[in-house]
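Working notes for the structure below.
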Amino acid sequence: MKLLMLGGGVFLGRALAREALSKGWELTCLTRGHQKPGPVEGVAWVQGDRHRAEDLRPLASQDWDAIVDTCAYRPADLEAALDLLGERCGAYLLVSTISVYQEPMSPRGTEESPLLPPVDPHAELAEHYGALKAMCEDMVQEELEDRALVVRPGLIVGPEDPSERFAWWVRELDACAREGRSPRWPDAGQQPVQWLDVRDLASFCLHVLEEGAEGAVHVAGPDPALPLMEVWQRMAACLAPGLDPIVQSAEQWRKAGIRPWSECPLWLPEHSHNTFDLDTRSARDAGWIQRSLEETTLDTLAWVREAAPAGRGQGLSQLAARLDSCGS
Ligand SMILES: NC(=O)c1ccc[n+]([C@@H]2O[C@H](COP(=O)([O-])OP(=O)(O)OC[C@H]3O[C@@H](n4cnc5c(N)ncnc54)[C@H](OP(=O)(O)O)[C@@H]3O)[C@@H](O)[C@H]2O)c1
């Protein structure tokens with residue numbers, strides 16, 4: 001396969017690149033060279049900006065079996081690519097997100113669940129991420145019809161994740177083990193959670209491309225979803241064995257000013273519970289396989305120890321400070 005990736009210099013893009021190279025595919029990645037670490041060794045790297053027609057034109061002089069687009073966040077990101085490369089590719093895989101669904105979702109949501117309505121294409125990305133992604137999906141599907149393939153990941157975790165939503169807990173539990181301190185978490189009740197290892201997502205994306213799939217599919221994680229409390233227990237058993245966890249009331253954490261999700265990764269606000277308990281039949285039928293939570297946890301730990309600079313992620317340093325005010 002001759003593959004072009006728009007993106008490829010961070011997290012998912014790098015996992016996709018490694019997977020493509022391991023299959024012996026010929027891979028070219030287009031990035032501007034701003035973000036580190038950048039494309040993996042072994043790919044053909046073209047430095048350029050996807051918004052600039054002059055940067056895309058050299059890529060439009062050849063045919064591609066497939067294009068994988070990891071970095072389209074709003075319709076304007078797609079204009080030049082579809083215009084210049086749309087006719088030159090056998091398939092176009094857009095990496096979208098489960099944030100395209102309207103919340104609160106019905107239980108066991110499928111790909112047919114209602115999507116967010118369109119917004120001003122120049123709307124603030126942080127606030128309208130899901131709606132803008134849904135607009136990107138529409139654009140790719142309208143333009144490329146049965147050559148369009150939309151993959152909607154849920155929470156992507158694993159090595160090299162710059163958001164550290166999962167890695168924060170890995171760091172915290174590892175610190176507990178080193179310091180002999182009991183891990184703490186809030187009582188999340190029956191809150192479900194689904195997650196996917198970035199390497200399994202990469203493998204799935206290339207598999208569905210090989211199979212010539214079309215349409216939209218979400219890839220969410222274990223199905224049925226696991227209770228978050230069980231996930232924390234299993235991660236603690238893996239990283240901090242022998243230390244009895246302390247479960248504190250959710251109220252206590254809220255009083256300490258710790259908000260679910262944005263300040264306490266994996267802990268979800270009530271209105272998002274169904275979004276992390278999706279029906280994943282379509283993905284499983286299409287070949288989705290997920291490695292164990294323990295493998296993802298240990299490999300994330302190895303990355304955290306070896307390569308990750310401490311203290312990155314979304315407001316997590318505040319959480320560490322506020323945890324102390326929760327008492328034990
Ligand atoms: N993380 C999650 O849990 C999650 C969940 C659901 C969906 N997703 C989706 O998964 C994808 C994540 O992909 P990713 O991890 O590879 O990160 P990404 O942030 O989407 O892609 C970043 C890559 O794209 C390149 N890039 C950005 N703007 C560019 C431009 N104008 N021209 C050329 N290259 C450009 C960047 O390099 P330069 O800056 O150097 O150009 C970098 O290599 C996203 O589409 C996201 O919406 C993520």
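Every chain in the structure tokens has a letter given in the order shown (A, B, ...), and although residue numbers restart at 1 in each chain, ligands are simply numbered from 1 in the order shown.
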
Quiz prompt | Expected answer as JSON, numbers by chain: residues within 7 Å of ligand 1, only C-alpha atoms and all ligand atoms | solution = {"A": [6, 7, 8, 9, 10, 11, 12, 13, 14, 30, 31, 32, 33, 34, 35, 36, 38, 39, 48, 49, 50, 51, 70, 71, 72, 73, 95, 96, 97, 98, 152, 153, 154, 155, 156, 157, 163]}

Quiz item: Among segment 107-156 of chain A, which ones does DSSP place in strand (DSSP E or B), written as an MDAnalysis selection string?
Solution: chainID A and resid 115 148:153 156

Kindly export the residues of the current selection with C-alpha atoms, as a CSV table (one decimal), in the first residue's frame.
```
chain,number,residue,atom,x,y,z
A,115,LEU,CA,-24.7,14.1,15.7
A,148,ALA,CA,-14.6,8.0,2.5
A,149,LEU,CA,-14.0,6.2,5.8
A,150,VAL,CA,-14.6,7.9,9.1
A,151,VAL,CA,-13.2,6.4,12.3
A,152,ARG,CA,-14.5,7.9,15.5
A,153,PRO,CA,-12.2,7.1,18.4
A,156,ILE,CA,-7.2,7.2,23.2
```

Exercise. Tell me which protein, DNA and RNA residues are within 8 Å of Asp279 of chain A, counting only C-alpha atoms, leaving out same-chain ones fewer than 6 positions away, and put them as a VMD selection string.
Key: chain A and resid 108 to 110 223 to 224

Self-check item: For atom CA of Gln62 of chain A and atom CA of Leu16 of chain A, the interatomic separation in Å (one decimal)
Solution: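 Atom CA of Gln62 of chain A sits 21.3 Å away from atom CA of Leu16 of chain A.
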
Quiz prompt | Within 8 Å of Leu268 of chain A using only C-alpha atoms, minus same-chain residues under 6 positions, as a list in words | solution =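 My reading of the contact set: Gln191, Pro260 and Trp261 of chain A.
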
Let's have the selection written as an mmCIF file, in the first residue's frame, with C-alpha atoms.
```cif
data_model
loop_
_atom_site.group_PDB
_atom_site.id
_atom_site.type_symbol
_atom_site.label_atom_id
_atom_site.label_comp_id
_atom_site.auth_asym_id
_atom_site.auth_seq_id
_atom_site.Cartn_x
_atom_site.Cartn_y
_atom_site.Cartn_z
ATOM 1 C CA GLN A 191 -19.722 5.060 36.200
ATOM 2 C CA PRO A 260 -14.654 15.301 37.046
ATOM 3 C CA TRP A 261 -12.753 14.862 33.765
#
```

Self-check item: Distance query segment 197-199 of chain A at most 12 Å, only C-alpha atoms, self and fewer than 6 positions along chain excluded, as a PyMOL selection string
Solution: chain A and resi 10-20+153-162+166-167+205-206+219-222+288-300

Could the residues in this selection be saved with C-alpha atoms as a PDB file, in the first residue's frame?
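Now in again-v8.pdb:
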```pdb
ATOM      1  CA  VAL A  10       2.731  12.965  17.459  1.00  0.00           C
ATOM      2  CA  PHE A  11       0.781  10.300  19.371  1.00  0.00           C
ATOM      3  CA  LEU A  12      -1.759   8.637  17.039  1.00  0.00           C
ATOM      4  CA  GLY A  13       0.062   9.682  13.872  1.00  0.00           C
ATOM      5  CA  ARG A  14       3.265   8.079  15.099  1.00  0.00           C
ATOM      6  CA  ALA A  15       1.463   4.878  16.112  1.00  0.00           C
ATOM      7  CA  LEU A  16      -0.150   4.731  12.660  1.00  0.00           C
ATOM      8  CA  ALA A  17       3.222   5.263  11.037  1.00  0.00           C
ATOM      9  CA  ARG A  18       4.881   2.467  13.025  1.00  0.00           C
ATOM     10  CA  GLU A  19       2.033   0.131  12.144  1.00  0.00           C
ATOM     11  CA  ALA A  20       2.208   1.012   8.439  1.00  0.00           C
ATOM     12  CA  PRO A 153     -12.200   7.054  18.448  1.00  0.00           C
ATOM     13  CA  GLY A 154     -13.229   7.365  22.062  1.00  0.00           C
ATOM     14  CA  LEU A 155     -10.635   8.072  24.726  1.00  0.00           C
ATOM     15  CA  ILE A 156      -7.248   7.191  23.227  1.00  0.00           C
ATOM     16  CA  VAL A 157      -4.581   6.243  25.763  1.00  0.00           C
ATOM     17  CA  GLY A 158      -1.143   4.655  25.888  1.00  0.00           C
ATOM     18  CA  PRO A 159       2.469   5.600  25.250  1.00  0.00           C
ATOM     19  CA  GLU A 160       3.170   9.108  23.888  1.00  0.00           C
ATOM     20  CA  ASP A 161      -0.248  10.533  24.837  1.00  0.00           C
ATOM     21  CA  PRO A 162       0.371  14.265  25.238  1.00  0.00           C
ATOM     22  CA  PHE A 166      -4.639   8.038  31.503  1.00  0.00           C
ATOM     23  CA  ALA A 167      -0.947   8.539  32.162  1.00  0.00           C
ATOM     24  CA  CYS A 205      -7.404   1.903  11.063  1.00  0.00           C
ATOM     25  CA  LEU A 206      -4.990   0.185   8.714  1.00  0.00           C
ATOM     26  CA  VAL A 219     -13.962   2.596  18.248  1.00  0.00           C
ATOM     27  CA  ALA A 220     -14.574   3.038  21.926  1.00  0.00           C
ATOM     28  CA  GLY A 221     -12.994   0.277  23.990  1.00  0.00           C
ATOM     29  CA  PRO A 222     -14.154  -2.695  26.056  1.00  0.00           C
ATOM     30  CA  TRP A 288     -11.503  -4.404  16.405  1.00  0.00           C
ATOM     31  CA  ILE A 289      -9.348  -6.143  19.026  1.00  0.00           C
ATOM     32  CA  GLN A 290      -8.181  -4.522  22.240  1.00  0.00           C
ATOM     33  CA  ARG A 291      -5.182  -5.474  24.364  1.00  0.00           C
ATOM     34  CA  SER A 292      -5.530  -5.815  28.135  1.00  0.00           C
ATOM     35  CA  LEU A 293      -5.765  -2.889  30.520  1.00  0.00           C
ATOM     36  CA  GLU A 294      -2.705  -4.261  32.313  1.00  0.00           C
ATOM     37  CA  GLU A 295      -0.586  -4.227  29.140  1.00  0.00           C
ATOM     38  CA  THR A 296      -1.600  -0.659  28.342  1.00  0.00           C
ATOM     39  CA  THR A 297      -0.906   0.357  31.943  1.00  0.00           C
ATOM     40  CA  LEU A 298       2.575  -1.181  32.067  1.00  0.00           C
ATOM     41  CA  ASP A 299       3.583   0.151  28.641  1.00  0.00           C
ATOM     42  CA  THR A 300       2.358   3.618  29.604  1.00  0.00           C
TER      43      THR A 300
END
```

Practice problem: For Asp187 of chain A, work out the shell of residues within 12 Å, counting only C-alpha atoms and skipping chain neighbours fewer than 6 positions away, then give it as a ChimeraX atom specification. | Solution: /A:227-230,232-233,245-254,260,267-268

Quiz item: A:Gly189, A:Pro114, A:Gly215, A:Pro107: which is nearest Asp277 of chain A, counting only C-alpha atoms?
Solution: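 Going through A:Gly189, A:Pro114, A:Gly215, A:Pro107 one by one, the smallest distance to Asp277 of chain A is for A:Pro107.
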